[in-house]
>>> print(open('start_34.txt').read())   # compact mmCIF, C-alpha atoms
# COMPACT_ATOMS: atom_id res chain seq x y z
CA MET W 888 -57.53 28.23 -32.17
CA PRO W 889 -56.05 30.90 -29.95
CA LYS W 890 -54.78 33.93 -31.68
CA LEU W 891 -50.99 34.03 -31.83
CA SER W 892 -50.01 37.25 -30.15
CA ILE W 893 -46.87 38.59 -28.54
CA TRP W 894 -48.25 37.48 -25.17
CA THR W 895 -48.42 33.85 -26.20
CA THR W 896 -45.39 33.60 -28.42
CA LEU W 897 -42.97 35.50 -26.17
CA PRO W 898 -43.27 33.26 -23.10
CA ILE W 899 -43.04 30.20 -25.31
CA ALA W 900 -39.92 31.60 -26.97
CA VAL W 901 -38.36 32.36 -23.60
CA ILE W 902 -39.08 28.85 -22.34
CA LEU W 903 -37.70 27.31 -25.53
CA ALA W 904 -34.59 29.50 -25.26
CA CYS W 905 -33.98 28.38 -21.69
CA VAL W 906 -34.14 24.77 -22.77
CA VAL W 907 -32.30 24.87 -26.09
CA LEU W 908 -29.62 27.52 -25.62
CA PRO W 909 -27.80 25.86 -22.69
CA THR W 910 -27.41 22.66 -24.69
CA LEU W 911 -26.08 24.60 -27.67
CA GLY W 912 -23.67 26.36 -25.30
CA ALA W 913 -22.44 23.01 -23.95
CA GLN W 914 -21.61 21.75 -27.42
CA THR W 915 -19.50 24.76 -28.26
CA ALA W 916 -18.04 25.57 -24.82
CA PRO W 917 -14.50 24.41 -23.98
CA PRO W 918 -14.36 20.81 -22.66
CA ARG W 919 -14.84 20.42 -18.92
CA THR W 920 -11.70 19.80 -16.91
CA SER W 921 -13.35 17.35 -14.51
CA ALA W 922 -14.07 13.88 -15.85
CA LYS W 923 -17.56 12.52 -15.69
CA SER W 924 -16.58 8.88 -15.54
CA VAL W 925 -13.59 7.14 -14.02
CA ASP W 926 -12.84 5.86 -17.52
CA ASP W 927 -12.36 9.44 -18.73
CA ILE W 928 -9.45 9.99 -16.35
CA LYS W 929 -6.13 9.95 -18.20
CA ILE W 930 -3.61 7.37 -17.07
CA ASP W 931 -0.26 6.11 -18.35
CA LYS W 932 -0.74 3.22 -20.74
CA TRP W 933 1.94 1.12 -19.09
CA ASN W 934 2.73 0.70 -15.40
CA SER W 935 -0.24 2.92 -14.63
CA LEU W 936 -0.21 4.91 -11.40
CA PRO W 937 -3.27 4.32 -9.21
CA LEU W 938 -5.65 7.26 -8.98
CA HIS W 939 -5.62 9.62 -6.04
CA GLY W 940 -8.80 10.56 -4.22
CA SER W 941 -8.65 14.02 -5.78
CA ASP W 942 -8.84 12.45 -9.27
CA TYR W 943 -12.42 11.42 -8.50
CA ARG W 944 -13.65 15.02 -8.09
CA GLY W 945 -16.46 15.64 -10.52
CA VAL W 946 -16.90 11.94 -11.22
CA THR W 947 -20.43 10.65 -11.07
CA SER W 948 -20.49 6.99 -10.22
CA GLY W 949 -23.27 4.89 -11.66
CA PRO W 950 -25.14 2.34 -9.59
CA ALA W 951 -23.56 -0.98 -8.67
CA PRO W 952 -24.03 -3.56 -11.40
CA LYS W 953 -25.83 -6.67 -10.20
CA ARG W 954 -23.60 -9.55 -9.11
CA ASP W 955 -20.51 -8.14 -10.71
CA LEU W 956 -17.15 -7.46 -9.09
CA SER W 957 -15.16 -7.38 -12.30
CA GLY W 958 -12.64 -4.67 -12.96
CA ILE W 959 -9.25 -3.41 -11.91
CA TRP W 960 -9.32 -2.17 -8.35
CA ASP W 961 -6.90 -0.25 -6.19
CA ALA W 962 -6.45 -0.66 -2.46
CA THR W 963 -3.41 1.60 -2.09
CA GLY W 964 -5.47 4.58 -0.99
CA ASP W 965 -4.03 8.03 -0.45
CA ARG W 966 -1.07 8.29 1.87
CA VAL W 967 -1.86 11.88 2.76
CA GLY W 968 -5.22 11.83 4.46
CA GLY W 969 -8.08 10.33 2.49
CA ALA W 970 -8.82 6.63 2.35
CA PRO W 971 -6.83 4.21 4.56
CA GLY W 972 -3.96 2.59 2.74
CA GLY W 973 -3.59 -1.05 1.81
CA ILE W 974 0.18 -1.05 2.27
CA GLN W 975 -0.20 -1.63 6.03
CA ILE W 976 3.44 -1.63 7.08
CA ASN W 977 2.42 -1.38 10.75
CA GLY W 978 0.18 -4.41 10.57
CA VAL W 979 -3.36 -4.97 9.42
CA ASN W 980 -5.50 -1.82 9.37
CA GLU W 981 -7.92 -2.60 12.15
CA HIS W 982 -5.09 -3.62 14.48
CA ARG W 983 -2.16 -1.39 13.59
CA SER W 984 0.70 -1.75 16.03
CA VAL W 985 1.41 1.95 16.34
CA LEU W 986 -0.64 4.96 17.31
CA PRO W 987 -1.99 7.22 14.59
CA GLY W 988 0.82 9.48 13.41
CA ASN W 989 3.32 6.64 13.17
CA SER W 990 4.74 6.89 16.67
CA ALA W 991 5.42 4.00 19.00
CA PRO W 992 3.07 3.91 21.99
CA THR W 993 4.20 5.26 25.32
CA GLY W 994 3.81 3.53 28.63
CA GLY W 995 6.72 1.22 29.17
CA GLU W 996 8.00 -1.68 27.09
CA PRO W 997 6.52 -1.57 23.58
CA ASN W 998 4.49 -4.70 23.04
CA GLU W 999 1.25 -5.87 21.53
CA ARG W 1000 -0.76 -4.92 24.60
CA ASN W 1001 0.12 -1.23 24.40
CA ILE W 1002 -1.47 -0.69 21.01
CA PRO W 1003 -4.95 0.39 20.03
CA ASN W 1004 -7.17 -2.67 19.37
CA PRO W 1005 -4.92 -5.46 20.65
CA LEU W 1006 -5.79 -8.91 19.35
CA PRO W 1007 -7.43 -11.63 21.50
CA TYR W 1008 -4.54 -14.10 21.51
CA THR W 1009 -4.70 -17.55 23.05
CA PRO W 1010 -1.56 -18.58 24.98
CA LEU W 1011 -0.41 -20.44 21.85
CA GLY W 1012 -1.14 -17.35 19.78
CA GLU W 1013 1.05 -15.18 22.01
CA ALA W 1014 3.83 -17.74 22.12
CA THR W 1015 3.80 -18.09 18.33
CA LEU W 1016 3.74 -14.31 17.93
CA GLU W 1017 6.92 -14.05 20.00
CA THR W 1018 8.80 -16.29 17.57
CA HIS W 1019 8.01 -13.96 14.65
CA LYS W 1020 10.53 -11.13 14.32
CA PRO W 1021 9.35 -8.49 11.87
CA THR W 1022 11.68 -5.89 10.38
CA GLY W 1023 10.90 -2.35 9.27
CA GLN W 1024 8.31 -0.67 11.43
CA GLY W 1025 5.81 -1.27 14.18
CA VAL W 1026 6.36 -1.90 17.88
CA ARG W 1027 7.69 -5.40 17.30
CA ALA W 1028 10.26 -4.53 14.61
CA VAL W 1029 13.86 -5.66 15.04
CA PRO W 1030 16.92 -4.66 12.96
CA SER W 1031 16.92 -6.33 9.56
CA ALA W 1032 19.73 -8.75 10.33
CA LEU W 1033 17.80 -10.17 13.30
CA GLY W 1034 14.44 -10.56 11.57
CA ASN W 1035 12.82 -13.72 10.25
CA ASP W 1036 9.95 -12.45 8.14
CA PRO W 1037 9.50 -15.14 5.49
CA VAL W 1038 8.79 -12.58 2.77
CA ASN W 1039 12.32 -11.27 3.29
CA ILE W 1040 13.55 -14.44 1.62
CA CYS W 1041 10.80 -14.15 -1.00
CA ASP W 1042 8.51 -16.82 0.46
CA PRO W 1043 4.92 -16.24 -0.70
CA PRO W 1044 2.92 -13.97 1.61
CA GLY W 1045 0.01 -16.33 1.05
CA PHE W 1046 -3.53 -15.51 2.06
CA PRO W 1047 -4.82 -13.38 3.79
CA ARG W 1048 -1.49 -11.54 4.12
CA MET W 1049 -2.03 -10.74 0.47
CA GLU W 1050 -4.82 -8.39 1.70
CA PHE W 1051 -3.28 -7.46 5.05
CA SER W 1052 0.00 -6.14 3.65
CA GLU W 1053 1.10 -4.53 0.36
CA PHE W 1054 -2.52 -4.64 -0.75
CA ARG W 1055 -2.49 -2.44 -3.82
CA ASN W 1056 -3.88 -3.34 -7.24
CA LEU W 1057 -6.03 -6.32 -7.98
CA GLU W 1058 -8.03 -7.49 -10.95
CA ILE W 1059 -11.25 -9.46 -10.57
CA GLU W 1060 -12.67 -11.46 -13.44
CA GLN W 1061 -15.88 -13.48 -13.27
CA LEU W 1062 -16.29 -16.64 -15.26
CA SER W 1063 -19.24 -18.98 -15.39
CA ASP W 1064 -18.19 -21.19 -12.47
CA HIS W 1065 -15.42 -19.33 -10.72
CA VAL W 1066 -14.10 -15.90 -9.91
CA LEU W 1067 -10.45 -15.07 -10.46
CA ILE W 1068 -8.73 -12.59 -8.15
CA LEU W 1069 -5.39 -11.53 -9.58
CA ASN W 1070 -3.05 -9.78 -7.16
CA GLN W 1071 -0.35 -7.31 -8.09
CA ASN W 1072 1.96 -8.25 -5.23
CA TYR W 1073 3.95 -11.34 -6.15
CA ARG W 1074 1.95 -11.55 -9.38
CA THR W 1075 -0.33 -14.24 -8.10
CA TRP W 1076 -3.94 -15.28 -8.38
CA ARG W 1077 -6.71 -16.98 -6.38
CA THR W 1078 -9.59 -19.07 -7.68
CA VAL W 1079 -12.95 -18.73 -5.92
CA TRP W 1080 -15.30 -21.49 -7.01
CA THR W 1081 -18.92 -20.47 -7.50
CA ASP W 1082 -20.20 -23.78 -8.83
CA GLY W 1083 -21.76 -24.69 -5.50
CA ARG W 1084 -19.06 -27.09 -4.33
CA GLU W 1085 -18.44 -27.50 -0.61
CA LEU W 1086 -15.16 -26.50 0.96
CA PRO W 1087 -12.84 -29.48 1.31
CA THR W 1088 -12.60 -31.15 4.73
CA ASP W 1089 -9.06 -31.83 5.94
CA PRO W 1090 -7.39 -30.68 2.71
CA GLU W 1091 -3.73 -30.71 1.85
CA PRO W 1092 -2.60 -27.23 3.01
CA ARG W 1093 -1.79 -24.63 0.34
CA TRP W 1094 -0.17 -21.18 0.41
CA TYR W 1095 -3.38 -19.64 -0.94
CA GLY W 1096 -5.83 -22.19 0.41
CA TYR W 1097 -9.15 -23.26 -1.08
CA SER W 1098 -11.97 -20.80 -1.68
CA VAL W 1099 -15.67 -20.92 -2.50
CA GLY W 1100 -17.95 -17.94 -2.92
CA LYS W 1101 -21.57 -16.97 -3.34
CA TRP W 1102 -23.74 -13.89 -3.69
CA VAL W 1103 -25.79 -13.16 -0.58
CA ASP W 1104 -27.51 -10.27 -2.32
CA ASP W 1105 -27.06 -8.55 -5.67
CA CYS W 1106 -24.17 -6.45 -4.38
CA THR W 1107 -22.45 -8.65 -1.81
CA PHE W 1108 -20.18 -11.59 -2.61
CA VAL W 1109 -18.99 -13.70 0.32
CA VAL W 1110 -15.91 -15.92 0.09
CA GLN W 1111 -14.86 -18.63 2.53
CA THR W 1112 -11.29 -19.90 2.55
CA VAL W 1113 -9.73 -22.85 4.36
CA GLY W 1114 -6.73 -25.13 3.93
CA LEU W 1115 -4.07 -22.45 4.43
CA ASN W 1116 -0.62 -23.74 5.32
CA ASP W 1117 0.90 -22.29 8.48
CA ASN W 1118 4.16 -21.13 6.88
CA THR W 1119 2.86 -17.61 6.51
CA TRP W 1120 2.25 -14.62 8.74
CA LEU W 1121 -1.05 -12.77 8.72
CA ASP W 1122 0.53 -9.34 8.39
CA ASN W 1123 3.73 -7.29 8.61
CA GLN W 1124 3.78 -7.50 12.40
CA GLY W 1125 4.00 -11.28 12.39
CA ARG W 1126 0.50 -12.03 13.65
CA PRO W 1127 0.27 -15.83 13.58
CA HIS W 1128 -2.23 -18.28 12.22
CA SER W 1129 -2.60 -22.04 12.26
CA SER W 1130 -3.71 -24.33 9.46
CA ASP W 1131 -7.15 -24.35 11.11
CA LEU W 1132 -7.66 -20.75 10.03
CA ARG W 1133 -10.92 -19.93 8.26
CA VAL W 1134 -11.17 -16.60 6.47
CA GLU W 1135 -14.34 -14.87 5.35
CA GLU W 1136 -14.25 -12.01 2.84
CA ARG W 1137 -17.27 -9.87 2.10
CA PHE W 1138 -16.95 -7.89 -1.12
CA HIS W 1139 -19.71 -5.30 -1.14
CA ARG W 1140 -20.09 -3.33 -4.36
CA VAL W 1141 -21.26 0.09 -3.25
CA ASP W 1142 -21.62 1.66 -6.69
CA TYR W 1143 -20.00 1.30 -10.07
CA ASP W 1144 -16.64 2.66 -8.92
CA HIS W 1145 -16.47 1.66 -5.26
CA MET W 1146 -16.29 -1.57 -3.37
CA GLU W 1147 -15.84 -2.35 0.33
CA LEU W 1148 -14.00 -5.37 1.66
CA THR W 1149 -14.44 -6.85 5.13
CA VAL W 1150 -12.14 -9.71 6.16
CA THR W 1151 -12.84 -11.84 9.23
CA ILE W 1152 -10.26 -14.13 10.82
CA ASN W 1153 -11.44 -17.23 12.65
CA ASP W 1154 -8.64 -19.31 14.19
CA PRO W 1155 -9.55 -20.71 17.63
CA LYS W 1156 -6.03 -22.14 18.08
CA MET W 1157 -4.47 -18.68 17.99
CA TYR W 1158 -7.30 -16.31 18.92
CA THR W 1159 -10.05 -16.63 21.49
CA GLN W 1160 -12.60 -15.06 19.17
CA PRO W 1161 -12.96 -14.02 15.54
CA TRP W 1162 -11.70 -10.59 14.58
CA GLN W 1163 -11.72 -8.35 11.55
CA GLY W 1164 -8.51 -7.31 9.87
CA LEU W 1165 -10.23 -5.09 7.34
CA LYS W 1166 -13.63 -3.50 7.91
CA THR W 1167 -15.46 -2.01 4.90
CA PHE W 1168 -12.04 -1.30 3.47
CA PRO W 1169 -12.43 0.86 0.34
CA LEU W 1170 -11.40 -0.39 -3.09
CA ARG W 1171 -11.50 2.07 -5.99
CA ARG W 1172 -12.12 1.11 -9.59
CA GLN W 1173 -9.36 2.17 -11.97
CA PRO W 1174 -9.91 3.35 -15.56
CA ARG W 1175 -10.22 0.79 -18.36
CA GLY W 1176 -6.83 0.02 -19.82
CA PHE W 1177 -5.04 0.35 -16.45
CA ASP W 1178 -1.79 -1.61 -16.72
CA ILE W 1179 -0.84 -3.09 -13.34
CA ARG W 1180 2.82 -2.55 -12.43
CA GLU W 1181 4.71 -5.69 -11.55
CA ILE W 1182 5.66 -6.17 -7.90
CA TYR W 1183 7.93 -9.12 -7.58
CA CYS W 1184 10.28 -10.63 -5.04
CA SER W 1185 13.36 -11.92 -6.78
CA PRO W 1186 15.62 -13.93 -4.47
CA SER W 1187 18.72 -12.89 -6.41
CA ASP W 1188 17.75 -9.20 -6.25
CA PHE W 1189 17.18 -9.53 -2.50
CA ALA W 1190 20.52 -11.23 -1.99
CA GLU W 1191 22.28 -8.55 -4.03
CA TYR W 1192 20.60 -5.81 -2.00
CA ARG W 1193 21.66 -7.38 1.29
CA GLU W 1194 25.23 -7.63 0.04
CA ASP W 1195 25.20 -4.04 -1.24
CA VAL W 1196 24.10 -2.59 2.12
CA GLY W 1197 26.18 -5.00 4.18
CA GLU W 1198 23.20 -6.54 5.94
CA SER W 1199 25.04 -9.71 6.79
CA ALA W 1200 26.25 -8.00 9.94
CA PRO W 1201 23.85 -6.50 12.51
CA SER W 1202 23.96 -2.74 12.10
CA ASP W 1203 22.79 -1.67 15.52
CA LYS W 1204 22.06 -3.09 18.93
CA MET V 467 1.33 19.70 35.60
CA ARG V 468 -0.78 16.55 35.51
CA ARG V 469 0.96 13.49 34.11
CA SER V 470 -1.74 12.95 31.50
CA LYS V 471 -1.14 16.50 30.18
CA LEU V 472 2.60 15.85 29.97
CA VAL V 473 1.95 12.64 28.08
CA LEU V 474 -0.38 14.48 25.71
CA ILE V 475 2.18 17.23 25.05
CA PHE V 476 4.86 14.57 24.47
CA LEU V 477 2.64 12.66 22.06
CA LEU V 478 1.78 15.81 20.13
CA ALA V 479 5.46 16.71 19.86
CA VAL V 480 6.40 13.23 18.67
CA GLY V 481 3.47 13.20 16.28
CA PHE V 482 4.50 16.56 14.81
CA LEU V 483 8.13 15.51 14.43
CA THR V 484 7.08 12.27 12.79
CA VAL V 485 4.68 13.85 10.32
CA SER V 486 7.22 16.45 9.26
CA ARG V 487 9.80 13.80 8.31
CA PRO V 488 10.21 12.98 4.64
CA VAL V 489 8.50 9.73 3.65
CA SER V 490 11.78 8.00 2.84
CA ALA V 491 13.04 8.36 6.39
CA HIS V 492 10.49 6.05 7.98
CA HIS V 493 11.53 2.87 6.24
CA GLY V 494 13.76 0.54 8.22
CA ALA V 495 14.36 3.36 10.65
CA ALA V 496 15.99 1.19 13.30
CA SER V 497 19.36 1.07 11.50
CA PHE V 498 19.64 4.76 10.63
CA ASP V 499 20.49 7.84 12.65
CA ASN V 500 17.54 10.14 12.01
CA SER V 501 19.14 12.99 13.90
CA ARG V 502 21.87 13.45 11.29
CA THR V 503 22.04 14.34 7.60
CA VAL V 504 25.07 13.71 5.41
CA THR V 505 25.57 15.32 2.02
CA VAL V 506 27.54 13.31 -0.49
CA GLU V 507 28.67 14.43 -3.92
CA GLY V 508 30.07 11.97 -6.40
CA THR V 509 29.65 9.82 -9.48
CA VAL V 510 27.02 7.16 -10.05
CA THR V 511 28.44 3.71 -10.61
CA GLU V 512 25.21 1.70 -10.56
CA PHE V 513 21.47 2.26 -10.12
CA LEU V 514 19.45 -0.75 -9.00
CA TRP V 515 15.76 -0.41 -9.81
CA THR V 516 14.91 -3.56 -7.86
CA ASN V 517 13.13 -4.87 -4.81
CA PRO V 518 13.28 -4.82 -1.85
CA ARG V 519 14.80 -1.34 -2.08
CA VAL V 520 15.72 0.75 -5.06
CA HIS V 521 19.31 1.78 -4.36
CA LEU V 522 22.07 3.85 -5.88
CA LYS V 523 25.82 3.33 -5.75
CA VAL V 524 27.95 6.45 -5.75
CA ASP V 525 31.71 6.89 -5.65
CA ALA V 526 32.71 10.01 -3.74
CA LYS V 527 36.08 11.38 -2.66
CA ASP V 528 36.75 12.03 1.03
CA GLU V 529 38.91 14.92 2.34
CA ASN V 530 42.08 12.98 1.55
CA GLY V 531 41.04 12.21 -2.00
CA ASN V 532 40.31 8.56 -1.25
CA ILE V 533 37.36 7.00 -3.06
CA GLN V 534 34.41 6.13 -0.82
CA HIS V 535 31.79 3.66 -2.06
CA TRP V 536 28.40 4.88 -0.89
CA VAL V 537 25.03 3.15 -1.22
CA PHE V 538 21.83 5.19 -0.92
CA GLU V 539 18.55 3.43 -0.31
CA ALA V 540 15.04 4.42 -1.26
CA GLN V 541 11.96 2.20 -0.89
CA SER V 542 10.41 -0.50 -3.07
CA VAL V 543 10.12 -0.11 -6.84
CA VAL V 544 6.38 0.57 -6.65
CA ASN V 545 6.81 3.21 -3.94
CA GLN V 546 9.53 4.97 -5.89
CA ALA V 547 7.45 4.82 -9.07
CA ASN V 548 4.54 6.40 -7.18
CA ALA V 549 6.93 9.17 -6.14
CA GLY V 550 7.83 9.87 -9.77
CA TRP V 551 11.15 8.00 -9.95
CA THR V 552 11.99 6.02 -13.09
CA ASN V 553 14.40 3.22 -13.83
CA THR V 554 16.48 5.54 -16.02
CA MET V 555 16.74 8.64 -13.84
CA PHE V 556 20.30 7.78 -12.84
CA LYS V 557 22.94 6.50 -15.24
CA PRO V 558 26.50 5.37 -14.55
CA GLY V 559 28.74 8.42 -14.87
CA ASP V 560 26.08 10.90 -13.70
CA HIS V 561 27.29 13.50 -11.22
CA VAL V 562 25.02 13.56 -8.17
CA LEU V 563 24.59 15.35 -4.90
CA VAL V 564 22.52 13.52 -2.30
CA ASP V 565 21.30 14.36 1.20
CA ALA V 566 20.98 11.18 3.24
CA THR V 567 20.30 9.83 6.71
CA PRO V 568 23.42 7.83 7.57
CA ALA V 569 23.54 4.30 8.98
CA LYS V 570 24.18 4.09 12.72
CA SER V 571 26.93 1.53 12.14
CA GLY V 572 29.18 3.98 10.32
CA ARG V 573 28.91 1.90 7.15
CA LEU V 574 28.71 4.05 4.00
CA VAL V 575 24.99 3.47 3.61
CA GLY V 576 22.28 6.14 3.80
CA LEU V 577 18.59 6.64 3.27
CA PHE V 578 17.66 9.19 0.61
CA ARG V 579 16.22 12.39 2.04
CA SER V 580 14.53 15.05 -0.08
CA ARG V 581 17.41 16.64 -1.98
CA ILE V 582 18.74 14.87 -5.04
CA VAL V 583 20.70 16.80 -7.68
CA ILE V 584 21.52 14.95 -10.90
CA ASN V 585 24.03 16.59 -13.27
CA GLY V 586 23.22 19.97 -11.77
CA ARG V 587 19.42 19.64 -11.90
CA GLU V 588 17.40 19.17 -8.76
CA PHE V 589 15.04 16.19 -8.94
CA LYS V 590 11.51 16.93 -7.77
CA ARG V 591 9.47 14.01 -6.50
CA LEU V 592 5.77 13.80 -7.31
CA GLU V 593 3.84 15.42 -4.51
CA GLU V 594 1.07 13.36 -3.06
CA ALA V 595 -2.35 14.84 -3.79
CA PRO V 596 -4.15 16.12 -0.70
>>> encode(input="start_34.txt", output="structure tokens")
Amino acid sequence: MPKLSIWTTLPIAVILACVVLPTLGAQTAPPRTSAKSVDDIKIDKWNSLPLHGSDYRGVTSGPAPKRDLSGIWDATGDRVGGAPGGIQINGVNEHRSVLPGNSAPTGGEPNERNIPNPLPYTPLGEATLETHKPTGQGVRAVPSALGNDPVNICDPPGFPRMEFSEFRNLEIEQLSDHVLILNQNYRTWRTVWTDGRELPTDPEPRWYGYSVGKWVDDCTFVVQTVGLNDNTWLDNQGRPHSSDLRVEERFHRVDYDHMELTVTINDPKMYTQPWQGLKTFPLRRQPRGFDIREIYCSPSDFAEYREDVGESAPSDK
Amino acid sequence: MRRSKLVLIFLLAVGFLTVSRPVSAHHGAASFDNSRTVTVEGTVTEFLWTNPRVHLKVDAKDENGNIQHWVFEAQSVVNQANAGWTNTMFKPGDHVLVDATPAKSGRLVGLFRSRIVINGREFKRLEEAP
């Protein structure tokens, strides 16, 4: 047995001190200001505000759970820099109808062709687009009194406008044979069947269509939707779709707190080729206990607003 | 100067002017005169915390002492909540001073700008995190 001398005990003591003392220090030091987990971030109990990008500083996200999208997610993003926003007042993200910086494009008459990433319309697509008069912003916007956006009379935005406009909070719950996607806007839900059933052929059209989904790998869930009625617009700029529209969503869980959504539009009647409205669009997990604020379109509230601001008469030419 | 340079300078100028505008000014811009600001002082008669636009009704006196019925618009409930507004921040009878972008039509309707003073206290909106 080696003799215990200062030359053996001292290095051992130093090593032990380096290991033990920091942990002791951590127990008695003041609590860290940066949260380790998203669930440590303080939020209001009711009508919770979605987190900003800066709230995630210091957060370590665990790996993506296998085949699990469940949670409360936010698509709002940060309006000042940071992640692209889900509100999309200028039209769907990949095909916004204004230049970056919110200005109308230059170069003559503002129209769909003078925007970055114009869409591949068929002649019917262009003709249908012309009949849609959006209000608010974007190159196609008209004064409120002249618009005909169906959501302005509280018609359902339907799908995929639900993700192409006012895309904010959503809750995803997985059950044994279907996935529920609950949307904040209009307080509505979608059912995605995972029991292996085929999509219906020639179904009765619905506002939110018919959806089936499956996992293509442990982190990617792909949803197909058909049977969408043609009463809805695709986005705030009035992009059209027919009832032949097929939508594919790819939900890719990147890690425990982050998901990316890609949405592909396939409607040969209106567009000469498929296109993506959202491409790896970021969704951020919100802390447990996040209470989703209600966003609702009340016809009586809308009518009262229009009367209050005198919108029955056109306000400018 | 080459045309492309002129276009670039124009775009930069427009971009700068746009970015420096308060958020509330961009909504439904077509009906409002963004080159002007009106300041109205008066008494709250009603505060509507509703969609599509949160809006405030204020009675103010003009130079002749006549009551003017103003309506000031913000954005949707969720947008206002994100900016730190609450459904109880204005009450009937409150004395307010509001800067607003007026409607082009001359109607007594305006978009809220940054300055809102409620019973003598300036209201500070939540700043967006960088």
>>> residues_around(input="start_34.txt", residues="Ala569 in chain V", least_positions_apart="2", cutoff="7 Å", atoms="all atoms listed in the file", output="list of chain:residue names")
V:Ser497, V:Phe498, V:Asp499, V:Thr567, V:Ser571, V:Gly572, V:Arg573, V:Val575, V:Gly576
>>> residues_around(input="start_34.txt", residues="Met555 in chain V", least_positions_apart="5", cutoff="10 Å", atoms="only C-alpha atoms", output="list of chain:residue names")
V:Phe513, V:Trp515, V:Gly550, V:Asp560, V:Ile584, V:Phe589
>>> residues_around(input="start_34.txt", residues="range 1080-1090 of chain W", least_positions_apart="3", cutoff="6 Å", atoms="only C-alpha atoms", output="ChimeraX atom specification")
/W:1064-1065,1099-1100,1114
>>> residues_around(input="start_34.txt", residues="range 1137-1146 of chain W", least_positions_apart="5", cutoff="8 Å", atoms="all atoms listed in the file", output="NGL selection string")
:W and (925 or 948-952 or 955-956 or 1106-1110 or 1169-1173)
>>> residues_around(input="start_34.txt", residues="Arg1027 in chain W", least_positions_apart="4", cutoff="7 Å", atoms="only C-alpha atoms", output="list of chain:residue names")
W:Asn998, W:Pro1021, W:Gln1124
>>> write_last_selection(input="start_34.txt", atoms="C-alpha atoms", output="compact mmCIF listing (two decimals), in the frame of the given file")
# COMPACT_ATOMS: atom_id res chain seq x y z
CA ASN W 998 4.49 -4.70 23.04
CA PRO W 1021 9.35 -8.49 11.87
CA GLN W 1124 3.78 -7.50 12.40
>>> atom_distance(input="start_34.txt", atom1="CA of Asn500 in chain V", atom2="CA of Asp565 in chain V")
12.2 Å
>>> closest_residue(input="start_34.txt", among="V:Ile582, V:Ala540, V:Leu574, V:Val562", to="Gly508 in chain V", atoms="all atoms listed in the file")
V:Val562
>>> decode(input="start_34.txt", residues="range 1011-1022 of chain W", atoms="N, CA and C atoms", output="tab-separated table (two decimals), in the first residue's frame")
chain	number	residue	atom	x	y	z
W	1011	LEU	N	-57.55	30.51	-65.57
W	1011	LEU	CA	-58.67	30.52	-64.62
W	1011	LEU	C	-58.22	31.05	-63.27
W	1012	GLY	N	-57.01	30.68	-62.87
W	1012	GLY	CA	-56.48	31.17	-61.60
W	1012	GLY	C	-56.40	32.69	-61.59
W	1013	GLU	N	-55.86	33.27	-62.67
W	1013	GLU	CA	-55.76	34.74	-62.74
W	1013	GLU	C	-57.13	35.39	-62.76
W	1014	ALA	N	-58.04	34.82	-63.52
W	1014	ALA	CA	-59.38	35.40	-63.61
W	1014	ALA	C	-60.08	35.35	-62.26
W	1015	THR	N	-59.92	34.24	-61.55
W	1015	THR	CA	-60.55	34.11	-60.23
W	1015	THR	C	-59.90	35.07	-59.24
W	1016	LEU	N	-58.58	35.20	-59.33
W	1016	LEU	CA	-57.88	36.14	-58.47
W	1016	LEU	C	-58.46	37.54	-58.61
W	1017	GLU	N	-58.73	37.95	-59.84
W	1017	GLU	CA	-59.22	39.31	-60.10
W	1017	GLU	C	-60.56	39.59	-59.43
W	1018	THR	N	-61.34	38.53	-59.19
W	1018	THR	CA	-62.65	38.75	-58.56
W	1018	THR	C	-62.54	38.90	-57.04
W	1019	HIS	N	-61.37	38.59	-56.49
W	1019	HIS	CA	-61.18	38.68	-55.04
W	1019	HIS	C	-60.57	40.03	-54.70
W	1020	LYS	N	-61.29	40.81	-53.87
W	1020	LYS	CA	-60.83	42.16	-53.53
W	1020	LYS	C	-60.45	42.22	-52.05
W	1021	PRO	N	-59.17	42.05	-51.76
W	1021	PRO	CA	-58.77	42.10	-50.35
W	1021	PRO	C	-58.74	43.52	-49.83
W	1022	THR	N	-58.88	43.66	-48.52
W	1022	THR	CA	-58.75	44.97	-47.87
W	1022	THR	C	-57.49	44.94	-47.01
